[in-house]
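Peer 1: Below you will find the structure I want to go over with you.
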Amino acid sequence: MYGGAMQYRMNQVLTAPPEELVLLLYDAAIKSGRQAVRAIAERDYAAANDRLIHMQEVLAALIRGLDLERPPARELYQLYDFMTRHLIAANLKKDAQNVKDVLALLEDLRETWAQAIRLARAEGAADRAAAPDDGRV
């Protein structure tokens, strides 16, 4: 079963457009964050450590994907860096509240990104509908 789930995830990542990859990364970080909060509550510190490190790896991947020449990327870099430092502190102290704080930020970013994708697609569809038909197939 695990192999099939892994293959599905690999296909999802390999075929996703770039904007969808960002959503997948946000989803992975959020899932790991929720698991870390649960593990801390259960005093399963090894699992919490694993999930918190995974969140940091996802944030590092998001940082690597930024084009720092573009203005919003600089702010995102600072936010991702802040979240990473917050997760390190959470891991050292086994503090679920720090993880919850980062989760709230990630969930807001994910929703904002998803909304931006929907708007861009709607605008693209409207532009295609308004384009004159030049008779090409």
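How things are named: the first chain in the structure tokens is A, the next is B, and so on; residues count from 1 in each chain; ligands count from 1 in the order shown.
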With only C-alpha atoms as the counted atoms, please give the residues lying no more than 12 Å from range 45-60 of chain A, apart from itself and same-chain residues fewer than 3 positions off, as a PyMOL selection string.
Peer 2: chain A and resi 21-42+63-66+76-96+98-100+102-103+106
Peer 1: Among the residues of chain A, find those DSSP assigns to alpha helix (DSSP H) from the backbone and print them as an MDAnalysis selection string.
Peer 2: chainID A and resid 2:15 18:41 45:64 71:93 96:130
Peer 1: Using only C-alpha atoms, can you tell me which of A:Glu20, A:Arg74, A:Gly3, A:Gln97 comes closest to Arg118 in chain A?
Peer 2: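 That would be A:Glu20, the residue with the smallest distance to Arg118 in chain A.
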Peer 1: Rounded to one decimal in Å, what is the spacing between CA of Pro18 in chain A and CA of Ala114 in chain A?
Peer 2: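 Separation between CA of Pro18 in chain A and CA of Ala114 in chain A: 12.5 Å.
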Peer 1: Please compute the CA of Trp113 in chain A-CA of Arg70 in chain A distance, one decimal, in Å.
Peer 2: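 Interatomic distance, CA of Trp113 in chain A to CA of Arg70 in chain A: 16.3 Å.
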